[in-house]
Amino acid sequence: MSDALRTRLTLDRARTAARTGDLDTALALLDSLEPPATDSTDSTDATDATDAVTGTEAGAGTGPVAVLDLRARVHAQRGELDEADRCWAAVQERSPGDTAAAEGRRTIARITAGRRRTRPLVQPGRLASAAAAVTAVVLAGSAVVALGGAGRGAGAPATPARADALTGRVAALEAERAAVAAERTAVAKERAVVERERAEAEKEREAAEGRRTAAEARLDARLAAIAGRLSMPGLTVRRRSRDVHVRFDTGLFPQGADVSPRGRAVLRGLGRRMAGMDVRITVVGHAVPVPGGRTRGGSVVALGRALVAARHLAEGGGLPRTSFTLVSADQSDNPHRQAPRNRTVTLRITPKG
């Protein structure tokens with residue numbers, strides 16, 4: 001088990017022991033985590049403090065500040081106010097802005113300003129539900145404790161030590177409430193940060209979706225313009241998702257790579273329409289399988305036809321030869337059913353950018 005996990009589990013056990021009033025066990029567990037935060041003096045007998053820590057623990061982390069804070073609360077509930085004050089002072093040294101420690105020390109200072117003696121007279125466990133109804137009043141060096149709903153008559157006399165112990169519990173609870181409020185504020189800030197980041201991420205997602213949609217719309221418009229510009233008799237022009245496909249209706253090459261006069265005219269006319277277009281042009285040569293020869297793979301004849309077709313397209317539109325990419329189609333991938341019509345080329349025109 002890692003040191004961090006052992007510390008966390010031990011601190012949780014100490015908090016549970018404090019809640020149930022087992023303050024000796026709580027201190028023993030805290031002692032196992034680190035040396036006592038203050039120099040120990042002879043401690044007095046424990047006072048009634050069974051409702052040690054309730055609700056959400058302030059400083060519910062696992063570092064030195066959390067250990068010192070819990071130790072201060074336990075000492076306060078035992079009536080050991082000097083020890084509690086030293087622990088909270090150590091918390092402030094490590095965490096100067098700790099509001100719970102500041103509140104605890106202010107309460108102890110108010111108590112000690114009027115205290116006469118510190119010997120606790122009541123053992124732990126006697127006042128398990130008293131903390132919620134305690135009002136400690138220190139007047140002229142003596143104390144009166146009013147207890148509501150704890151089985152004692154209102155205004156029953158109490159010694160200064162017992163009053164100190166009860167008020168110590170009140171101090172611990174006040175410090176805890178301050179810590180809980182600070183924790184809630186921190187959680188609210190963190191939640192606000194998360195919500196802001198989520199909103200920004202959603203905004204960015206929507207912006208990216210908008211950019212993608214706009215890009216697709218621009219591409220679609222460019223493809224439509226290309227297809228419209230290249231449409232002419234003797235061709236079948238088909239706009240696809242990313243390019244425009246051009247198929248010639250008849251075979252351009254009666255045999256080999258010799259283009260027919262009609263084929264030459266069609267290619268040059270199509271080249272003139274391509275002039276000025278910012279596109280990439282792929283010329284795909286096709287060939288008819290020779291009986292007894294290969295029926296799959298590319299063909300030298302098909303590649304030769306692509307070269308001849310690119311030359312006539314370039315001459316017709318005044319295009320540089322580097323505008324064209326030449327490839328041979330697989331011999332099984334022909335645009336027509338009839339063999340003579342497959343002595344041809346097809347074109348793929350893709351917008352640049």
# chains A, B, ... in the order shown; residues from 1 in each chain; ligands from 1

call {"tool": "residues_around", "arguments": {"residues": "Val301 in chain A", "least_positions_apart": "2", "cutoff": "10 Å", "atoms": "only C-alpha atoms", "output": "list in words"}}
result
Gln255, Gly256, Ala257, Gly285, His286, Ala287, Val288, Gly298, Ser299, Leu303, Gly304, Arg305, Ala306, Leu307, Ser328 and Arg343 of chain A

call {"tool": "write_last_selection", "arguments": {"atoms": "C-alpha atoms", "output": "short mmCIF file (atom, residue, chain, number, x, y, z; two decimals), in the first residue's frame"}}
result
data_model
loop_
_atom_site.label_atom_id
_atom_site.label_comp_id
_atom_site.auth_asym_id
_atom_site.auth_seq_id
_atom_site.Cartn_x
_atom_site.Cartn_y
_atom_site.Cartn_z
CA GLN A 255 -5.92 0.49 -82.54
CA GLY A 256 -2.84 0.83 -80.41
CA ALA A 257 -2.16 4.39 -79.27
CA GLY A 285 -5.77 4.79 -70.11
CA HIS A 286 -7.88 1.70 -70.90
CA ALA A 287 -7.19 -1.34 -73.09
CA VAL A 288 -9.02 -4.45 -74.27
CA GLY A 298 -2.14 -2.56 -66.18
CA SER A 299 -1.22 -2.30 -69.83
CA LEU A 303 -0.54 3.98 -70.56
CA GLY A 304 0.43 5.02 -74.10
CA ARG A 305 -3.14 6.07 -74.80
CA ALA A 306 -3.14 8.19 -71.60
CA LEU A 307 0.05 9.92 -72.80
CA SER A 328 -3.12 2.68 -66.62
CA ARG A 343 -10.03 1.63 -76.50
#

call {"tool": "residues_around", "arguments": {"residues": "Leu235 in chain A", "least_positions_apart": "5", "cutoff": "10 Å", "atoms": "only C-alpha atoms", "output": "PyMOL selection string"}}
result
chain A and resi 230+246-250+266+270+346

call {"tool": "closest_residue", "arguments": {"among": "A:Leu81, A:Ala101, A:Ala181, A:Ala90", "to": "Ala165 in chain A", "atoms": "only C-alpha atoms"}}
result
A:Leu81

call {"tool": "atom_distance", "arguments": {"atom1": "CA of Ala227 in chain A", "atom2": "CA of Arg211 in chain A"}}
result
24.1 Å
